[in-house]
Amino acid sequence: MILRIPLFLAAFCCTVSAATLAPQAEQKLAHDIYKELVEIKSGYTTGSTTLVADAVAARLRAAGFPAADIFEGGPSPKKFNVVVRYHGTGARKPILLLAHEDVVEAKREDWTTDPFQFIEKDGYYYGRGTADDKAQAALWIANLIRYKREGFKPDRDIIVALTADEEGGGPFSGIQWLIKNHKNLIDAEFCLNEGGMVEMVGDKNVSNDLQVSEKWYVDFRLEVHNKGGHSSMPVPDNAIYHLAGALDRLGHFAFPLKTDEVTKAYFVEMAKLETGAMKPQLAAIASGSRAAMQKVAESSAMWNSMLRTTCVATQIDGGHARNALPQLAGANVNCRVLPGDTLDYVQSTLKKVFADDQVSIKVDGDVDQAAGSPMRPDILKAVNRVTDSLWPGLPVVPMMLTGATDGRYLRVAGIPTYGIQGLGLDRDDKRMHGRDERMPVKSFYEGQTFLYELVKVLSSPQ
Ligand SMILES: [Zn+2]
C-alpha cells in the first residue's frame, strides 16, 4: 500500500492523553506480538508468511481460542494465511478485520539497522513491516485477545484475517485464495483494512483518513505490425511512426474530470484544511464547478489522479535491427481507472484517441474492476465518534486511494471494505516499501486504542 495525500494546512491539533491509552499489560502484549511479527522474514519473494500464521495461531491458542476457530492455510506451504473468529451473539453479520503478513523485501546493506530486527530508537519502532502492515496485524490480534480476556460480548462475530502476498498481488495473493476457497470463513457485512492513516505533519496529527474506494488497474498492450524492409529505402508507412503518433496523441489527451460521493466529501474536508490559494477552488469542486476541478487537477498530480481516470505510456519496444524497417513496434499503456468507469469505456476511448487502425490495443493481464464501497453513515459515524474521543477536533477525511490494496478483491466479492488504521505517520516521510521503515512509538499505542474502540463501537449491541 502506498499513498500520499497533499495537505497544505496550518491548523494542527489533537494530542492524546496518556489516560486514554490501553493499560500497560495490554500495551506490552501488543508490543510483543508486533516485535515477533516484524522479526519474521516474510518478504513476499524470499520469505514465508506461514511462520507469521504459525506465530499468531500459537498466540491465539495460548489465549484460549479454540482450535476450531483458528484456520491456517494457503496456496502453497510458504504462503499460509491465518483466520480467527471471535464469536458474538450473531444478531448481525460478522465484521472482518484484515491485514497482510507479507512485506516488501529489504536488504541489510540498504538499511541503517537490520530490517528484520525490531528496534526502538528516538521515539520510533524500526523494522520492515513496522508501518506496512504488521502494526495493524499485531493490533488486530492483541485487541482480539483483550476482548476475550475482558469477556466482551459483541453482537456479531469478529473475524481477523491476516493474508499472504498482498504485496506480490496477482492470482497468488492470499485474499484471492481465501475468497475462492474459504469464502465462508471471511464472509462479513463489511471489512476494515489498511489504506487509511492518520496524517501527521511533523509530530502533529492533521487528519484521520478513511479510505472508501480505490481506483482499479489495467494494462493495455499496443502493437503495430508492418512488413518492414531495407532501411535504405524507407516508406512513410512505418510501425514506429504509427506507434509514436498514437502515443503522442495520448500524451495530449486527458480523460474527463469527475467526482463521486467519496471524492466530493474528500475535497469538502480538504477545503476546510487548506489555507493557501487553492482553498476556494477545493470548495467549488463540491458544488460541481468544472473550472475549479481543472485548476485543482493542474495543481497536483495526486489530485489530478483523484479527479479522472489516467492512462500513461510506461514501456516501449520495437524494431529488430538498426538497418531494417521495423516489423513491430509495441508499448504498454497503464491505466488507473475511477471506480465508476468501465473497461469498455476506457478501451474504446483509447482507440478513438489513437485514431489509427494500424495500432492494435488489447488488455494485458488481469483486470479487477473494483467498485467503491458505499459511504455507510453508521461507519462514518463510528469513525467520527472514536476519532473525536481520542483526538478532539481531528477531521475524518473520506478518500479514494489511487493505489491498490486487498480491498479491491473483497469489494468485487461483495464485502464493502474501508481503509482505517488510526496509525499516525508523517505525510512527508512515509517509508513503506523503502529503507529504514518505521512507526512512531506514540502512533502505535494510539492506534491500539483507536482500533480497539472502533471495533467495539461497530460490534456492540444496538
Ligand atoms: Zn500494505
# chains A, B, ... in the order shown; residues from 1 in each chain; ligands from 1
call {"tool": "residues_near_ligand", "arguments": {"ligand": "ligand 1", "cutoff": "8 Å", "atoms": "only C-alpha atoms and all ligand atoms", "output": "VMD selection string"}}
result
chain A and resid 1 to 2 99 to 100 103 132 to 133 166 to 167 194 to 195 405 432
call {"tool": "residues_around", "arguments": {"residues": "Asp237 (chain A)", "least_positions_apart": "5", "cutoff": "12 Å", "atoms": "only C-alpha atoms", "output": "list in words"}}
result
Val224, His225, Asn226, Lys227, Gly228, Gly229, His242, Leu243, Gly245, Leu325, Pro326, Gln327, Asp356 and Gln358 of chain A
call {"tool": "select_by_dssp", "arguments": {"residues": "region 47-276 of chain A", "states": "strand (DSSP E or B)", "output": "PyMOL selection string"}}
result
chain A and resi 70-73+81-86+95-100+103+119-121+124-126+158-163+190-193+198-201+204-214+216-225+229-230+274
call {"tool": "closest_residue", "arguments": {"among": "A:Phe190, A:Arg156, A:Lys78, A:Gly251", "to": "Asp378 (chain A)", "atoms": "only C-alpha atoms"}}
result
A:Phe190
call {"tool": "select_by_dssp", "arguments": {"residues": "region 67-306 of chain A", "states": "helix (DSSP H, G or I)", "output": "JSON, numbers by chain"}}
result
{"A": [67, 68, 69, 108, 109, 110, 134, 135, 136, 137, 138, 139, 140, 141, 142, 143, 144, 145, 146, 147, 148, 149, 150, 170, 171, 172, 174, 175, 176, 177, 178, 179, 180, 181, 183, 184, 185, 186, 239, 240, 241, 242, 243, 244, 245, 246, 247, 248, 249, 250, 251, 261, 262, 263, 264, 265, 266, 267, 268, 269, 270, 271, 272, 273, 279, 280, 281, 282, 283, 284, 285, 286, 290, 291, 292, 293, 294, 295, 296, 297, 298, 299, 301, 302, 303, 304, 305, 306]}
call {"tool": "residues_around", "arguments": {"residues": "region 414-430 of chain A", "least_positions_apart": "5", "cutoff": "6 Å", "atoms": "only C-alpha atoms", "output": "list in words"}}
result
Phe190, Cys191, Leu192, Asn193, Glu194, Gly195, Gly196, Met197, Val198, Glu199, Met200, Val201, Gly202, Leu210, Gln211, Val212, Ser373, Gly407, Ser443, Gly447 and Phe450 of chain A
call {"tool": "write_last_selection", "arguments": {"atoms": "N, CA and C atoms", "output": "PDB file, in the first residue's frame"}}
result
ATOM      1  N   PHE A 190     -19.022  -6.150   6.349  1.00  0.00           N
ATOM      2  CA  PHE A 190     -18.030  -5.223   5.797  1.00  0.00           C
ATOM      3  C   PHE A 190     -16.674  -5.548   6.412  1.00  0.00           C
ATOM      4  N   CYS A 191     -15.650  -4.929   5.855  1.00  0.00           N
ATOM      5  CA  CYS A 191     -14.273  -5.214   6.279  1.00  0.00           C
ATOM      6  C   CYS A 191     -13.538  -3.916   6.598  1.00  0.00           C
ATOM      7  N   LEU A 192     -12.693  -3.977   7.621  1.00  0.00           N
ATOM      8  CA  LEU A 192     -11.769  -2.874   7.896  1.00  0.00           C
ATOM      9  C   LEU A 192     -10.360  -3.339   7.535  1.00  0.00           C
ATOM     10  N   ASN A 193      -9.586  -2.457   6.876  1.00  0.00           N
ATOM     11  CA  ASN A 193      -8.322  -2.868   6.279  1.00  0.00           C
ATOM     12  C   ASN A 193      -7.318  -1.725   6.363  1.00  0.00           C
ATOM     13  N   GLU A 194      -6.109  -1.955   5.831  1.00  0.00           N
ATOM     14  CA  GLU A 194      -5.128  -0.875   5.713  1.00  0.00           C
ATOM     15  C   GLU A 194      -5.618   0.139   4.666  1.00  0.00           C
ATOM     16  N   GLY A 195      -4.864   1.214   4.508  1.00  0.00           N
ATOM     17  CA  GLY A 195      -5.194   2.166   3.431  1.00  0.00           C
ATOM     18  C   GLY A 195      -5.689   3.510   3.905  1.00  0.00           C
ATOM     19  N   GLY A 196      -5.896   3.676   5.212  1.00  0.00           N
ATOM     20  CA  GLY A 196      -6.293   4.991   5.725  1.00  0.00           C
ATOM     21  C   GLY A 196      -5.509   5.293   6.991  1.00  0.00           C
ATOM     22  N   MET A 197      -4.545   6.199   6.882  1.00  0.00           N
ATOM     23  CA  MET A 197      -3.680   6.503   8.026  1.00  0.00           C
ATOM     24  C   MET A 197      -4.145   7.781   8.724  1.00  0.00           C
ATOM     25  N   VAL A 198      -3.586   8.022   9.895  1.00  0.00           N
ATOM     26  CA  VAL A 198      -3.661   9.361  10.463  1.00  0.00           C
ATOM     27  C   VAL A 198      -2.500  10.143   9.845  1.00  0.00           C
ATOM     28  N   GLU A 199      -2.854  11.230   9.157  1.00  0.00           N
ATOM     29  CA  GLU A 199      -1.819  12.028   8.508  1.00  0.00           C
ATOM     30  C   GLU A 199      -1.190  12.960   9.534  1.00  0.00           C
ATOM     31  N   MET A 200       0.142  12.974   9.582  1.00  0.00           N
ATOM     32  CA  MET A 200       0.833  13.868  10.506  1.00  0.00           C
ATOM     33  C   MET A 200       1.723  14.838   9.741  1.00  0.00           C
ATOM     34  N   VAL A 201       1.869  16.027  10.297  1.00  0.00           N
ATOM     35  CA  VAL A 201       2.897  16.953   9.812  1.00  0.00           C
ATOM     36  C   VAL A 201       3.856  17.096  10.978  1.00  0.00           C
ATOM     37  N   GLY A 202       5.087  16.613  10.792  1.00  0.00           N
ATOM     38  CA  GLY A 202       5.996  16.509  11.928  1.00  0.00           C
ATOM     39  C   GLY A 202       5.387  15.519  12.913  1.00  0.00           C
ATOM     40  N   LEU A 210     -10.127   7.973   6.001  1.00  0.00           N
ATOM     41  CA  LEU A 210     -10.988   6.796   5.880  1.00  0.00           C
ATOM     42  C   LEU A 210     -11.063   6.460   4.392  1.00  0.00           C
ATOM     43  N   GLN A 211     -10.403   5.374   4.016  1.00  0.00           N
ATOM     44  CA  GLN A 211     -10.379   5.023   2.602  1.00  0.00           C
ATOM     45  C   GLN A 211     -11.629   4.227   2.245  1.00  0.00           C
ATOM     46  N   VAL A 212     -12.412   4.760   1.311  1.00  0.00           N
ATOM     47  CA  VAL A 212     -13.712   4.170   0.985  1.00  0.00           C
ATOM     48  C   VAL A 212     -13.688   3.468  -0.372  1.00  0.00           C
ATOM     49  N   SER A 373     -16.809   1.314  -2.081  1.00  0.00           N
ATOM     50  CA  SER A 373     -17.715   0.875  -1.022  1.00  0.00           C
ATOM     51  C   SER A 373     -18.688   2.010  -0.761  1.00  0.00           C
ATOM     52  N   GLY A 407      -8.365  -4.717  -0.561  1.00  0.00           N
ATOM     53  CA  GLY A 407      -9.765  -4.296  -0.522  1.00  0.00           C
ATOM     54  C   GLY A 407     -10.466  -4.419  -1.864  1.00  0.00           C
ATOM     55  N   SER A 443       2.345   6.631  17.905  1.00  0.00           N
ATOM     56  CA  SER A 443       1.291   6.283  16.938  1.00  0.00           C
ATOM     57  C   SER A 443       0.805   4.852  17.146  1.00  0.00           C
ATOM     58  N   GLY A 447      -2.932   4.032  17.982  1.00  0.00           N
ATOM     59  CA  GLY A 447      -3.641   3.167  17.036  1.00  0.00           C
ATOM     60  C   GLY A 447      -4.276   1.979  17.738  1.00  0.00           C
ATOM     61  N   PHE A 450      -7.383   3.295  19.303  1.00  0.00           N
ATOM     62  CA  PHE A 450      -8.354   3.665  18.270  1.00  0.00           C
ATOM     63  C   PHE A 450      -9.054   2.433  17.690  1.00  0.00           C
TER      64      PHE A 450
END
call {"tool": "closest_residue", "arguments": {"among": "A:Glu105, A:Glu214, A:Glu72, A:Glu261", "to": "Asp368 (chain A)", "atoms": "only C-alpha atoms"}}
result
A:Glu214
call {"tool": "closest_atom_pairs", "arguments": {"of": "region 271-294 of chain A", "to": "region 298-309 of chain A", "cutoff": "9 Å", "atoms": "only C-alpha atoms", "output": "JSON lines"}}
result
{"residue": "A:Met278", "atom": "CA", "partner": "A:Ser299", "partner_atom": "CA", "distance": 8.5}
{"residue": "A:Met293", "atom": "CA", "partner": "A:Leu307", "partner_atom": "CA", "distance": 7.5}
{"residue": "A:Gln294", "atom": "CA", "partner": "A:Glu298", "partner_atom": "CA", "distance": 6.2}
call {"tool": "closest_residue", "arguments": {"among": "A:Leu338, A:Leu98, A:Leu343, A:Leu162", "to": "Asp366 (chain A)", "atoms": "only C-alpha atoms"}}
result
A:Leu343
call {"tool": "residues_around", "arguments": {"residues": "Tyr44 (chain A)", "least_positions_apart": "4", "cutoff": "8 Å", "atoms": "only C-alpha atoms", "output": "PyMOL selection string"}}
result
chain A and resi 48-49+102-105+164-165+167-168
call {"tool": "write_last_selection", "arguments": {"atoms": "N, CA and C atoms", "output": "mmCIF file, in the first residue's frame"}}
result
data_model
loop_
_atom_site.group_PDB
_atom_site.id
_atom_site.type_symbol
_atom_site.label_atom_id
_atom_site.label_comp_id
_atom_site.auth_asym_id
_atom_site.auth_seq_id
_atom_site.Cartn_x
_atom_site.Cartn_y
_atom_site.Cartn_z
ATOM 1 N N SER A 48 8.539 -16.315 4.193
ATOM 2 C CA SER A 48 7.378 -17.186 4.345
ATOM 3 C C SER A 48 6.371 -16.548 5.283
ATOM 4 N N THR A 49 5.141 -16.470 4.831
ATOM 5 C CA THR A 49 4.085 -15.944 5.715
ATOM 6 C C THR A 49 3.560 -17.039 6.633
ATOM 7 N N ASP A 102 2.727 -10.430 4.692
ATOM 8 C CA ASP A 102 3.953 -10.323 3.903
ATOM 9 C C ASP A 102 4.447 -8.887 3.869
ATOM 10 N N VAL A 103 5.734 -8.758 3.510
ATOM 11 C CA VAL A 103 6.340 -7.431 3.394
ATOM 12 C C VAL A 103 7.140 -7.353 2.098
ATOM 13 N N VAL A 104 7.435 -6.125 1.686
ATOM 14 C CA VAL A 104 8.347 -5.919 0.560
ATOM 15 C C VAL A 104 9.751 -6.303 1.032
ATOM 16 N N GLU A 105 10.537 -6.898 0.167
ATOM 17 C CA GLU A 105 11.891 -7.325 0.551
ATOM 18 C C GLU A 105 12.716 -6.151 1.081
ATOM 19 N N ALA A 164 -1.500 -13.627 3.059
ATOM 20 C CA ALA A 164 -0.211 -13.758 2.389
ATOM 21 C C ALA A 164 -0.214 -12.912 1.117
ATOM 22 N N ASP A 165 0.969 -12.469 0.714
ATOM 23 C CA ASP A 165 1.169 -11.990 -0.660
ATOM 24 C C ASP A 165 0.334 -10.810 -1.109
ATOM 25 N N GLU A 167 1.527 -7.852 -1.137
ATOM 26 C CA GLU A 167 2.495 -7.064 -1.902
ATOM 27 C C GLU A 167 2.777 -7.707 -3.260
ATOM 28 N N GLY A 168 2.776 -9.040 -3.297
ATOM 29 C CA GLY A 168 3.007 -9.726 -4.561
ATOM 30 C C GLY A 168 1.799 -9.606 -5.478
#
call {"tool": "residues_around", "arguments": {"residues": "Ser287 (chain A)", "least_positions_apart": "4", "cutoff": "10 Å", "atoms": "only C-alpha atoms", "output": "list in words"}}
result
Lys264, Val268, Leu282, Ala283 and Ala292 of chain A
call {"tool": "write_last_selection", "arguments": {"atoms": "N, CA and C atoms", "output": "PDB file, in the first residue's frame"}}
result
ATOM      1  N   LYS A 264     -15.945  13.879  -3.586  1.00  0.00           N
ATOM      2  CA  LYS A 264     -16.590  15.141  -3.192  1.00  0.00           C
ATOM      3  C   LYS A 264     -16.390  15.398  -1.697  1.00  0.00           C
ATOM      4  N   VAL A 268     -14.349  18.448   0.147  1.00  0.00           N
ATOM      5  CA  VAL A 268     -15.001  19.307   1.157  1.00  0.00           C
ATOM      6  C   VAL A 268     -14.095  19.429   2.383  1.00  0.00           C
ATOM      7  N   LEU A 282     -10.982  24.263  -4.075  1.00  0.00           N
ATOM      8  CA  LEU A 282     -11.324  22.973  -3.460  1.00  0.00           C
ATOM      9  C   LEU A 282     -12.784  22.974  -3.011  1.00  0.00           C
ATOM     10  N   ALA A 283     -13.224  24.104  -2.471  1.00  0.00           N
ATOM     11  CA  ALA A 283     -14.615  24.200  -2.016  1.00  0.00           C
ATOM     12  C   ALA A 283     -15.561  24.136  -3.207  1.00  0.00           C
ATOM     13  N   ALA A 292     -13.082  24.779 -11.427  1.00  0.00           N
ATOM     14  CA  ALA A 292     -12.343  24.511 -10.182  1.00  0.00           C
ATOM     15  C   ALA A 292     -11.638  23.164 -10.280  1.00  0.00           C
TER      16      ALA A 292
END
call {"tool": "residues_around", "arguments": {"residues": "Glu453 (chain A)", "least_positions_apart": "6", "cutoff": "10 Å", "atoms": "only C-alpha atoms", "output": "ChimeraX atom specification"}}
result
/A:143,382-383,385-387,389-390,447,459
call {"tool": "residues_around", "arguments": {"residues": "Ala58 (chain A)", "least_positions_apart": "4", "cutoff": "12 Å", "atoms": "only C-alpha atoms", "output": "ChimeraX atom specification"}}
result
/A:33,36,51-54,62-67,70-72,82,84,141
call {"tool": "write_last_selection", "arguments": {"atoms": "C-alpha atoms", "output": "PDB file, in the first residue's frame"}}
result
ATOM      1  CA  ILE A  33       3.267  -9.542  19.081  1.00  0.00           C
ATOM      2  CA  GLU A  36       7.583 -11.086  16.944  1.00  0.00           C
ATOM      3  CA  LEU A  51       5.793 -18.519  10.032  1.00  0.00           C
ATOM      4  CA  VAL A  52       3.647 -15.455  10.750  1.00  0.00           C
ATOM      5  CA  ALA A  53       0.470 -17.542  10.613  1.00  0.00           C
ATOM      6  CA  ASP A  54       2.012 -20.122  12.988  1.00  0.00           C
ATOM      7  CA  ALA A  62      -2.382 -19.748  24.353  1.00  0.00           C
ATOM      8  CA  ALA A  63      -5.059 -17.083  24.933  1.00  0.00           C
ATOM      9  CA  GLY A  64      -7.759 -19.755  24.940  1.00  0.00           C
ATOM     10  CA  PHE A  65      -9.166 -19.528  21.412  1.00  0.00           C
ATOM     11  CA  PRO A  66     -10.434 -22.977  20.443  1.00  0.00           C
ATOM     12  CA  ALA A  67      -8.586 -24.704  17.609  1.00  0.00           C
ATOM     13  CA  ILE A  70      -8.440 -20.800  14.042  1.00  0.00           C
ATOM     14  CA  PHE A  71      -7.741 -21.585  10.406  1.00  0.00           C
ATOM     15  CA  GLU A  72      -4.353 -21.762   8.733  1.00  0.00           C
ATOM     16  CA  VAL A  82      -4.444 -17.222   9.237  1.00  0.00           C
ATOM     17  CA  VAL A  84      -9.621 -16.464  13.533  1.00  0.00           C
ATOM     18  CA  ILE A 141      -4.661  -9.863  17.246  1.00  0.00           C
TER      19      ILE A 141
END
call {"tool": "closest_residue", "arguments": {"among": "A:Val160, A:Met375, A:Leu37, A:Ala244", "to": "Arg128 (chain A)", "atoms": "only C-alpha atoms"}}
result
A:Leu37
call {"tool": "closest_residue", "arguments": {"among": "A:Gln176, A:Gln448, A:Thr349, A:Ser460", "to": "Tyr34 (chain A)", "atoms": "only C-alpha atoms"}}
result
A:Gln448
